[in-house]
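S.K.: Let me give you the structure first, and then I'll get to my questions.
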Amino acid sequence: MEKLDVNFDLHEQLVESLSRLHDRYFLKQDNRPRAMAQFDISFHESHSGRVREVLSHREEGGKSIGTFCIYVPEEVALAANVLPIPLCGGSAWAIPFADKALPRDICPLIRSTFGMAIGAVCPYKKLKDLVVGETTCDAKKKVWDFFEFKVMELPQKKRPQDFQLWLNEVVEFKRMMEELSGKAITPENLHEAVCLMNRKRRILQIINAFRKLQSPPISGMDALLVSQVALNQDISAFIEDAETLADELQERVTGGVSAYNGDGRRILFAGSPAPMGYAKVHHIAETSGLHIVADESCTGSRYFNTLVDEGPCDIEGMLRSIAERYFTIDCSCFTPNTERLENIMRLVEDYHIDGVVHHILQYCHTYNVEARTIDNALRKKGIPSIIIETDYSEEDAGQIRMRLEAFAELLEKAK
């Protein structure tokens, strides 16, 4: 830890805090798939074994970057032998450190992430050559300025001229990765990275398709953990573990094994992401008679629901395909955002949704306002919804439980 400039005592406190929450949230579930044990291990390894893997990669001449958003094109970084490391914090434990330098009235994701860095708690702090942000949020943009990070400009509309701007940003990101690594990105390396990332997305699609069934073989909690681990674990190792899980889920379906005991209303989890270390609302919902069978957040289907076209084999064509794929992501920063509304309505149909839980992290204004637009469309289809605005602390857990239990009763009466 000294080599990584980490305060050992504080880091141990963080790991103990995350372990307690993980045990309470995930391990107390009944009838989990056996294969989930590997994802439990990967969760705990995120602050130890995975750190050693990144350190080894760097000692062998590779580079690594920190990222904060699923808009940063992983394929381009990987093609240059650069590991992208997601840095989004999901722990309330680190927030007090951030409050010494940043305003309190910005979202907990930002405060948690930078709290771990400012408090010398994050083991990835010294394992990155640069950090790449994006323009999805005003608070983020100003924090990127404050810490002098690299920034990819994401347009706020989706007109042809906006796509051209974004394509230019992806091309510039390629140049940035080549300069960082000292290696030219070849068509072969880039195509290999595209196929690898698509394989990762496809197995996530397969796992989540099981949740369309009347009796899902995997819970919303465990599906969340799989998605959280997907953002951090070595890609090839994740694919292997996920394929093992998918095989077991098929066996459970064949044997009539459900992740749930008894009936429950089918829920779509929408809005702000739930990064690793945070599963409060999922846990409360699934212990209040609700079954989360779909998740459209950045730690849900928004991360994996579209693929990069593998047809082009030249650099220019592949970069355009990569830009096109990432430009389909329906973040609430866009205006108008008809894509997200259409995607949510499709999920409601495909996953036989009874109700929607809008999860809004405090001060996440775009998702908070957009929830009202989505509610209007859901109401026309007779789909009830509820807005849960919260942070990473446990202080409001009782209030959230009371509201979600009442929501579950409402859905039962509407059945």
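So you can find residues: chains in the structure tokens are A, B, ... in the order shown, residues in each start at 1, and ligands are numbered from 1 in order.
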Would you list, as a list in words, the residues of stretch 49-163 of chain A that end up in strand (DSSP E or B) under DSSP run on this structure's backbone?
M.R.: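 DSSP-assigned strand (DSSP E or B) residues in stretch 49-163 of chain A: Lys63, Ser64, Ile65, Gly66, Thr67, Val82, Leu83, Pro84, Ile85, Pro86, Leu130, Val131, Val132, Gly133, Glu134, Lys150, Val151 and Met152 of chain A.
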S.K.: Rank A:Ser272, A:Thr338, A:Ser258, A:Ser19 by their smallest atom-to-atom distance to A:Gln362, using only C-alpha atoms, and report the top residue only.
M.R.: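 Checking each candidate against A:Gln362, we get A:Ser272 as the closest.
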S.K.: Give the alpha helix (DSSP H) residues of stretch 158-307 of chain A, as DSSP finds them on the backbone, and put them as an mmCIF file with N, CA and C atoms, in the first residue's frame.
M.R.:
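File produced: result_16.cif:
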data_model
loop_
_atom_site.group_PDB
_atom_site.id
_atom_site.type_symbol
_atom_site.label_atom_id
_atom_site.label_comp_id
_atom_site.auth_asym_id
_atom_site.auth_seq_id
_atom_site.Cartn_x
_atom_site.Cartn_y
_atom_site.Cartn_z
ATOM 1 N N PRO A 160 -26.892 15.457 -36.945
ATOM 2 C CA PRO A 160 -25.693 15.033 -37.685
ATOM 3 C C PRO A 160 -24.440 15.812 -37.288
ATOM 4 N N GLN A 161 -24.580 17.131 -37.097
ATOM 5 C CA GLN A 161 -23.410 17.923 -36.723
ATOM 6 C C GLN A 161 -22.917 17.581 -35.317
ATOM 7 N N ASP A 162 -23.842 17.126 -34.465
ATOM 8 C CA ASP A 162 -23.444 16.714 -33.114
ATOM 9 C C ASP A 162 -22.665 15.403 -33.160
ATOM 10 N N PHE A 163 -23.124 14.482 -34.019
ATOM 11 C CA PHE A 163 -22.382 13.227 -34.167
ATOM 12 C C PHE A 163 -20.981 13.488 -34.701
ATOM 13 N N GLN A 164 -20.848 14.421 -35.635
ATOM 14 C CA GLN A 164 -19.527 14.718 -36.191
ATOM 15 C C GLN A 164 -18.593 15.231 -35.098
ATOM 16 N N LEU A 165 -19.126 16.064 -34.219
ATOM 17 C CA LEU A 165 -18.316 16.543 -33.092
ATOM 18 C C LEU A 165 -17.857 15.370 -32.236
ATOM 19 N N TRP A 166 -18.806 14.446 -31.968
ATOM 20 C CA TRP A 166 -18.468 13.292 -31.120
ATOM 21 C C TRP A 166 -17.454 12.382 -31.822
ATOM 22 N N LEU A 167 -17.622 12.179 -33.126
ATOM 23 C CA LEU A 167 -16.660 11.370 -33.869
ATOM 24 C C LEU A 167 -15.270 11.994 -33.774
ATOM 25 N N ASN A 168 -15.184 13.300 -33.866
ATOM 26 C CA ASN A 168 -13.894 13.981 -33.728
ATOM 27 C C ASN A 168 -13.289 13.723 -32.349
ATOM 28 N N GLU A 169 -14.139 13.676 -31.327
ATOM 29 C CA GLU A 169 -13.661 13.404 -29.972
ATOM 30 C C GLU A 169 -13.109 11.980 -29.863
ATOM 31 N N VAL A 170 -13.762 11.024 -30.504
ATOM 32 C CA VAL A 170 -13.285 9.634 -30.481
ATOM 33 C C VAL A 170 -11.958 9.519 -31.220
ATOM 34 N N VAL A 171 -11.829 10.212 -32.347
ATOM 35 C CA VAL A 171 -10.566 10.214 -33.092
ATOM 36 C C VAL A 171 -9.453 10.845 -32.246
ATOM 37 N N GLU A 172 -9.779 11.925 -31.554
ATOM 38 C CA GLU A 172 -8.796 12.571 -30.679
ATOM 39 C C GLU A 172 -8.419 11.656 -29.516
ATOM 40 N N PHE A 173 -9.401 10.898 -29.004
ATOM 41 C CA PHE A 173 -9.118 9.953 -27.918
ATOM 42 C C PHE A 173 -8.151 8.884 -28.399
ATOM 43 N N LYS A 174 -8.303 8.427 -29.646
ATOM 44 C CA LYS A 174 -7.349 7.465 -30.213
ATOM 45 C C LYS A 174 -5.948 8.058 -30.217
ATOM 46 N N ARG A 175 -5.830 9.295 -30.680
ATOM 47 C CA ARG A 175 -4.515 9.941 -30.700
ATOM 48 C C ARG A 175 -3.943 10.040 -29.291
ATOM 49 N N MET A 176 -4.804 10.369 -28.337
ATOM 50 C CA MET A 176 -4.378 10.509 -26.949
ATOM 51 C C MET A 176 -3.854 9.173 -26.404
ATOM 52 N N MET A 177 -4.540 8.071 -26.719
ATOM 53 C CA MET A 177 -4.124 6.748 -26.236
ATOM 54 C C MET A 177 -2.812 6.304 -26.886
ATOM 55 N N GLU A 178 -2.638 6.637 -28.166
ATOM 56 C CA GLU A 178 -1.391 6.292 -28.841
ATOM 57 C C GLU A 178 -0.223 7.077 -28.259
ATOM 58 N N GLU A 179 -0.451 8.332 -27.983
ATOM 59 C CA GLU A 179 0.601 9.161 -27.385
ATOM 60 C C GLU A 179 0.956 8.664 -25.987
ATOM 61 N N LEU A 180 -0.057 8.269 -25.225
ATOM 62 C CA LEU A 180 0.174 7.778 -23.869
ATOM 63 C C LEU A 180 0.967 6.477 -23.875
ATOM 64 N N SER A 181 0.570 5.553 -24.742
ATOM 65 C CA SER A 181 1.181 4.220 -24.750
ATOM 66 C C SER A 181 2.470 4.151 -25.561
ATOM 67 N N PRO A 187 -5.222 -1.724 -37.224
ATOM 68 C CA PRO A 187 -6.561 -2.256 -37.514
ATOM 69 C C PRO A 187 -6.804 -3.585 -36.816
ATOM 70 N N GLU A 188 -5.781 -4.420 -36.750
ATOM 71 C CA GLU A 188 -5.935 -5.735 -36.115
ATOM 72 C C GLU A 188 -6.216 -5.600 -34.625
ATOM 73 N N ASN A 189 -5.443 -4.743 -33.945
ATOM 74 C CA ASN A 189 -5.638 -4.564 -32.502
ATOM 75 C C ASN A 189 -7.001 -3.950 -32.198
ATOM 76 N N LEU A 190 -7.406 -2.979 -33.011
ATOM 77 C CA LEU A 190 -8.681 -2.322 -32.751
ATOM 78 C C LEU A 190 -9.847 -3.270 -33.001
ATOM 79 N N HIS A 191 -9.761 -4.056 -34.061
ATOM 80 C CA HIS A 191 -10.839 -5.007 -34.351
ATOM 81 C C HIS A 191 -10.924 -6.070 -33.260
ATOM 82 N N GLU A 192 -9.774 -6.521 -32.797
ATOM 83 C CA GLU A 192 -9.757 -7.502 -31.710
ATOM 84 C C GLU A 192 -10.416 -6.929 -30.449
ATOM 85 N N ALA A 193 -10.141 -5.662 -30.141
ATOM 86 C CA ALA A 193 -10.735 -5.027 -28.961
ATOM 87 C C ALA A 193 -12.239 -4.853 -29.133
ATOM 88 N N VAL A 194 -12.673 -4.505 -30.341
ATOM 89 C CA VAL A 194 -14.111 -4.368 -30.623
ATOM 90 C C VAL A 194 -14.814 -5.693 -30.383
ATOM 91 N N CYS A 195 -14.246 -6.766 -30.910
ATOM 92 C CA CYS A 195 -14.871 -8.085 -30.753
ATOM 93 C C CYS A 195 -14.881 -8.531 -29.296
ATOM 94 N N LEU A 196 -13.821 -8.217 -28.560
ATOM 95 C CA LEU A 196 -13.761 -8.591 -27.148
ATOM 96 C C LEU A 196 -14.847 -7.872 -26.350
ATOM 97 N N MET A 197 -14.982 -6.565 -26.560
ATOM 98 C CA MET A 197 -15.999 -5.805 -25.838
ATOM 99 C C MET A 197 -17.403 -6.246 -26.241
ATOM 100 N N ASN A 198 -17.611 -6.560 -27.505
ATOM 101 C CA ASN A 198 -18.914 -7.060 -27.934
ATOM 102 C C ASN A 198 -19.240 -8.404 -27.291
ATOM 103 N N ARG A 199 -18.223 -9.237 -27.149
ATOM 104 C CA ARG A 199 -18.446 -10.525 -26.487
ATOM 105 C C ARG A 199 -18.873 -10.316 -25.037
ATOM 106 N N LYS A 200 -18.260 -9.352 -24.396
ATOM 107 C CA LYS A 200 -18.627 -9.023 -23.018
ATOM 108 C C LYS A 200 -20.070 -8.538 -22.952
ATOM 109 N N ARG A 201 -20.448 -7.664 -23.882
ATOM 110 C CA ARG A 201 -21.818 -7.139 -23.879
ATOM 111 C C ARG A 201 -22.825 -8.245 -24.192
ATOM 112 N N ARG A 202 -22.469 -9.147 -25.095
ATOM 113 C CA ARG A 202 -23.401 -10.213 -25.470
ATOM 114 C C ARG A 202 -23.703 -11.130 -24.289
ATOM 115 N N ILE A 203 -22.692 -11.466 -23.486
ATOM 116 C CA ILE A 203 -22.964 -12.370 -22.362
ATOM 117 C C ILE A 203 -23.801 -11.657 -21.308
ATOM 118 N N LEU A 204 -23.619 -10.350 -21.161
ATOM 119 C CA LEU A 204 -24.488 -9.593 -20.257
ATOM 120 C C LEU A 204 -25.916 -9.565 -20.792
ATOM 121 N N GLN A 205 -26.078 -9.474 -22.101
ATOM 122 C CA GLN A 205 -27.411 -9.524 -22.694
ATOM 123 C C GLN A 205 -28.070 -10.879 -22.439
ATOM 124 N N ILE A 206 -27.295 -11.949 -22.565
ATOM 125 C CA ILE A 206 -27.828 -13.295 -22.346
ATOM 126 C C ILE A 206 -28.287 -13.465 -20.905
ATOM 127 N N ILE A 207 -27.444 -13.044 -19.953
ATOM 128 C CA ILE A 207 -27.794 -13.177 -18.540
ATOM 129 C C ILE A 207 -29.055 -12.398 -18.222
ATOM 130 N N ASN A 208 -29.150 -11.190 -18.726
ATOM 131 C CA ASN A 208 -30.300 -10.352 -18.409
ATOM 132 C C ASN A 208 -31.559 -10.794 -19.139
ATOM 133 N N ALA A 209 -31.435 -11.498 -20.252
ATOM 134 C CA ALA A 209 -32.613 -12.016 -20.953
ATOM 135 C C ALA A 209 -33.354 -13.045 -20.107
ATOM 136 N N GLY A 220 -32.650 -9.514 -8.917
ATOM 137 C CA GLY A 220 -32.196 -8.196 -9.321
ATOM 138 C C GLY A 220 -30.922 -7.804 -8.600
ATOM 139 N N MET A 221 -30.789 -8.230 -7.347
ATOM 140 C CA MET A 221 -29.576 -7.941 -6.587
ATOM 141 C C MET A 221 -28.355 -8.577 -7.231
ATOM 142 N N ASP A 222 -28.466 -9.862 -7.575
ATOM 143 C CA ASP A 222 -27.314 -10.551 -8.152
ATOM 144 C C ASP A 222 -27.023 -10.055 -9.567
ATOM 145 N N ALA A 223 -28.066 -9.708 -10.324
ATOM 146 C CA ALA A 223 -27.836 -9.134 -11.651
ATOM 147 C C ALA A 223 -27.085 -7.812 -11.534
ATOM 148 N N LEU A 224 -27.407 -7.035 -10.496
ATOM 149 C CA LEU A 224 -26.671 -5.790 -10.258
ATOM 150 C C LEU A 224 -25.207 -6.077 -9.956
ATOM 151 N N LEU A 225 -24.945 -7.051 -9.106
ATOM 152 C CA LEU A 225 -23.563 -7.376 -8.756
ATOM 153 C C LEU A 225 -22.774 -7.797 -9.990
ATOM 154 N N VAL A 226 -23.391 -8.579 -10.866
ATOM 155 C CA VAL A 226 -22.724 -8.983 -12.105
ATOM 156 C C VAL A 226 -22.341 -7.748 -12.922
ATOM 157 N N SER A 227 -23.257 -6.797 -13.042
ATOM 158 C CA SER A 227 -22.974 -5.587 -13.815
ATOM 159 C C SER A 227 -21.906 -4.731 -13.152
ATOM 160 N N GLN A 228 -21.925 -4.649 -11.835
ATOM 161 C CA GLN A 228 -20.906 -3.881 -11.130
ATOM 162 C C GLN A 228 -19.530 -4.490 -11.332
ATOM 163 N N VAL A 229 -19.433 -5.804 -11.210
ATOM 164 C CA VAL A 229 -18.159 -6.489 -11.403
ATOM 165 C C VAL A 229 -17.679 -6.350 -12.845
ATOM 166 N N ALA A 230 -18.623 -6.340 -13.793
ATOM 167 C CA ALA A 230 -18.262 -6.225 -15.211
ATOM 168 C C ALA A 230 -17.455 -4.970 -15.490
ATOM 169 N N ILE A 235 -11.459 -8.298 -18.383
ATOM 170 C CA ILE A 235 -12.548 -8.605 -19.315
ATOM 171 C C ILE A 235 -12.633 -10.093 -19.622
ATOM 172 N N SER A 236 -11.514 -10.716 -19.945
ATOM 173 C CA SER A 236 -11.544 -12.144 -20.288
ATOM 174 C C SER A 236 -11.986 -12.987 -19.095
ATOM 175 N N ALA A 237 -11.518 -12.632 -17.906
ATOM 176 C CA ALA A 237 -11.919 -13.365 -16.705
ATOM 177 C C ALA A 237 -13.413 -13.178 -16.439
ATOM 178 N N PHE A 238 -13.891 -11.954 -16.662
ATOM 179 C CA PHE A 238 -15.323 -11.715 -16.465
ATOM 180 C C PHE A 238 -16.144 -12.539 -17.429
ATOM 181 N N ILE A 239 -15.762 -12.566 -18.704
ATOM 182 C CA ILE A 239 -16.524 -13.317 -19.700
ATOM 183 C C ILE A 239 -16.598 -14.788 -19.304
ATOM 184 N N GLU A 240 -15.485 -15.344 -18.845
ATOM 185 C CA GLU A 240 -15.457 -16.755 -18.444
ATOM 186 C C GLU A 240 -16.421 -17.002 -17.277
ATOM 187 N N ASP A 241 -16.377 -16.130 -16.262
ATOM 188 C CA ASP A 241 -17.274 -16.287 -15.109
ATOM 189 C C ASP A 241 -18.733 -16.092 -15.514
ATOM 190 N N ALA A 242 -18.979 -15.120 -16.395
ATOM 191 C CA ALA A 242 -20.350 -14.834 -16.821
ATOM 192 C C ALA A 242 -20.914 -15.972 -17.665
ATOM 193 N N GLU A 243 -20.092 -16.586 -18.483
ATOM 194 C CA GLU A 243 -20.562 -17.719 -19.279
ATOM 195 C C GLU A 243 -20.907 -18.903 -18.390
ATOM 196 N N THR A 244 -20.123 -19.106 -17.339
ATOM 197 C CA THR A 244 -20.437 -20.160 -16.371
ATOM 198 C C THR A 244 -21.773 -19.880 -15.696
ATOM 199 N N LEU A 245 -21.988 -18.620 -15.322
ATOM 200 C CA LEU A 245 -23.251 -18.236 -14.706
ATOM 201 C C LEU A 245 -24.410 -18.450 -15.673
ATOM 202 N N ALA A 246 -24.252 -18.056 -16.928
ATOM 203 C CA ALA A 246 -25.325 -18.216 -17.912
ATOM 204 C C ALA A 246 -25.707 -19.683 -18.086
ATOM 205 N N ASP A 247 -24.707 -20.562 -18.107
ATOM 206 C CA ASP A 247 -24.993 -21.998 -18.212
ATOM 207 C C ASP A 247 -25.807 -22.475 -17.008
ATOM 208 N N GLU A 248 -25.438 -22.006 -15.819
ATOM 209 C CA GLU A 248 -26.183 -22.413 -14.626
ATOM 210 C C GLU A 248 -27.602 -21.850 -14.631
ATOM 211 N N LEU A 249 -27.754 -20.631 -15.104
ATOM 212 C CA LEU A 249 -29.093 -20.045 -15.165
ATOM 213 C C LEU A 249 -29.993 -20.853 -16.100
ATOM 214 N N GLN A 250 -29.430 -21.349 -17.201
ATOM 215 C CA GLN A 250 -30.220 -22.195 -18.095
ATOM 216 C C GLN A 250 -30.624 -23.490 -17.396
ATOM 217 N N GLU A 251 -29.705 -24.051 -16.613
ATOM 218 C CA GLU A 251 -30.023 -25.266 -15.854
ATOM 219 C C GLU A 251 -31.137 -24.994 -14.846
ATOM 220 N N ARG A 252 -31.089 -23.833 -14.217
ATOM 221 C CA ARG A 252 -32.114 -23.487 -13.246
ATOM 222 C C ARG A 252 -33.481 -23.325 -13.924
ATOM 223 N N VAL A 253 -33.480 -22.736 -15.090
ATOM 224 C CA VAL A 253 -34.734 -22.586 -15.832
ATOM 225 C C VAL A 253 -35.297 -23.964 -16.197
ATOM 226 N N THR A 254 -34.437 -24.841 -16.704
ATOM 227 C CA THR A 254 -34.864 -26.185 -17.074
ATOM 228 C C THR A 254 -35.421 -26.937 -15.868
ATOM 229 N N LYS A 280 -28.236 -0.102 -1.997
ATOM 230 C CA LYS A 280 -29.251 0.157 -0.969
ATOM 231 C C LYS A 280 -30.667 0.031 -1.494
ATOM 232 N N VAL A 281 -30.973 0.714 -2.573
ATOM 233 C CA VAL A 281 -32.355 0.726 -3.059
ATOM 234 C C VAL A 281 -32.741 -0.629 -3.642
ATOM 235 N N HIS A 282 -31.823 -1.285 -4.353
ATOM 236 C CA HIS A 282 -32.091 -2.635 -4.833
ATOM 237 C C HIS A 282 -32.439 -3.558 -3.664
ATOM 238 N N HIS A 283 -31.636 -3.491 -2.615
ATOM 239 C CA HIS A 283 -31.840 -4.370 -1.460
ATOM 240 C C HIS A 283 -33.187 -4.108 -0.793
ATOM 241 N N ILE A 284 -33.498 -2.848 -0.565
ATOM 242 C CA ILE A 284 -34.761 -2.513 0.089
ATOM 243 C C ILE A 284 -35.942 -2.950 -0.773
ATOM 244 N N ALA A 285 -35.850 -2.704 -2.065
ATOM 245 C CA ALA A 285 -36.941 -3.082 -2.967
ATOM 246 C C ALA A 285 -37.174 -4.584 -2.952
ATOM 247 N N GLU A 286 -36.073 -5.349 -3.036
ATOM 248 C CA GLU A 286 -36.235 -6.796 -3.155
ATOM 249 C C GLU A 286 -36.538 -7.470 -1.821
ATOM 250 N N SER A 301 -28.722 -1.988 -18.298
ATOM 251 C CA SER A 301 -28.726 -2.252 -19.741
ATOM 252 C C SER A 301 -28.096 -1.135 -20.565
ATOM 253 N N ARG A 302 -28.028 0.083 -20.023
ATOM 254 C CA ARG A 302 -27.409 1.168 -20.786
ATOM 255 C C ARG A 302 -25.950 0.842 -21.130
ATOM 256 N N TYR A 303 -25.316 0.007 -20.314
ATOM 257 C CA TYR A 303 -23.912 -0.347 -20.538
ATOM 258 C C TYR A 303 -23.749 -1.386 -21.645
ATOM 259 N N PHE A 304 -24.751 -2.263 -21.827
ATOM 260 C CA PHE A 304 -24.507 -3.407 -22.712
ATOM 261 C C PHE A 304 -25.559 -3.624 -23.802
#
S.K.: Excluding same-chain residues fewer than 3 positions from stretch 93-102 of chain A, what lies within 12 Å of it counting only C-alpha atoms, as a VMD selection string?
M.R.: chain A and resid 10 to 18 21 88 to 90 105 to 122 139 to 140 142 to 144 146 to 147 277 to 278 391 to 394
S.K.: For the selection just defined, write its residues with C-alpha atoms to a file, as a JSON list (two decimals), in the first residue's frame.
M.R.:
[["chain", "number", "residue", "atom", "x", "y", "z"],
["A", 10, "LEU", "CA", -8.14, 3.98, 6.28],
["A", 11, "HIS", "CA", -8.12, 1.52, 3.41],
["A", 12, "GLU", "CA", -8.76, -1.35, 5.80],
["A", 13, "GLN", "CA", -11.68, 0.55, 7.30],
["A", 14, "LEU", "CA", -13.13, 1.08, 3.82],
["A", 15, "VAL", "CA", -12.75, -2.60, 2.90],
["A", 16, "GLU", "CA", -14.40, -3.67, 6.17],
["A", 17, "SER", "CA", -17.28, -1.27, 5.53],
["A", 18, "LEU", "CA", -17.81, -2.58, 1.99],
["A", 21, "LEU", "CA", -22.64, -4.11, 3.33],
["A", 88, "CYS", "CA", -16.99, 5.88, -9.74],
["A", 89, "GLY", "CA", -17.29, 5.60, -5.98],
["A", 90, "GLY", "CA", -20.25, 3.86, -4.36],
["A", 105, "ASP", "CA", -24.56, 19.97, -2.63],
["A", 106, "ILE", "CA", -23.26, 17.88, -5.55],
["A", 107, "CYS", "CA", -24.04, 14.24, -6.21],
["A", 108, "PRO", "CA", -22.74, 11.50, -3.88],
["A", 109, "LEU", "CA", -21.04, 9.69, -6.76],
["A", 110, "ILE", "CA", -18.65, 12.60, -7.27],
["A", 111, "ARG", "CA", -18.13, 13.13, -3.55],
["A", 112, "SER", "CA", -17.52, 9.44, -2.87],
["A", 113, "THR", "CA", -15.06, 9.06, -5.74],
["A", 114, "PHE", "CA", -12.96, 12.08, -4.86],
["A", 115, "GLY", "CA", -13.29, 11.40, -1.16],
["A", 116, "MET", "CA", -11.35, 8.18, -1.67],
["A", 117, "ALA", "CA", -8.66, 10.04, -3.61],
["A", 118, "ILE", "CA", -8.40, 13.01, -1.24],
["A", 119, "GLY", "CA", -8.39, 10.71, 1.79],
["A", 120, "ALA", "CA", -5.62, 8.53, 0.31],
["A", 121, "VAL", "CA", -7.98, 5.56, 0.42],
["A", 122, "CYS", "CA", -8.25, 4.60, -3.26],
["A", 139, "ALA", "CA", -20.88, 19.26, -11.52],
["A", 140, "LYS", "CA", -18.60, 16.73, -13.19],
["A", 142, "LYS", "CA", -16.32, 21.72, -12.99],
["A", 143, "VAL", "CA", -14.68, 18.95, -10.97],
["A", 144, "TRP", "CA", -12.72, 17.90, -14.08],
["A", 146, "PHE", "CA", -10.65, 21.61, -10.66],
["A", 147, "PHE", "CA", -8.50, 18.47, -10.89],
["A", 277, "GLY", "CA", -20.35, -0.74, -3.10],
["A", 278, "TYR", "CA", -23.86, 0.69, -3.36],
["A", 391, "ASP", "CA", -27.73, 9.37, -1.40],
["A", 392, "TYR", "CA", -25.23, 6.70, -0.34],
["A", 393, "SER", "CA", -25.98, 6.89, 3.39],
["A", 394, "GLU", "CA", -28.22, 4.50, 5.31]]
S.K.: Atom CA of A:Glu134 to atom CA of A:Glu296: how many Å, to one decimal?
M.R.: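 About the pair atom CA of A:Glu134 and atom CA of A:Glu296: they are 20.1 Å apart.
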S.K.: So how many Å separate atom CA of A:Tyr71 and atom CA of A:Arg320, to one decimal?
M.R.: 14.3 Å
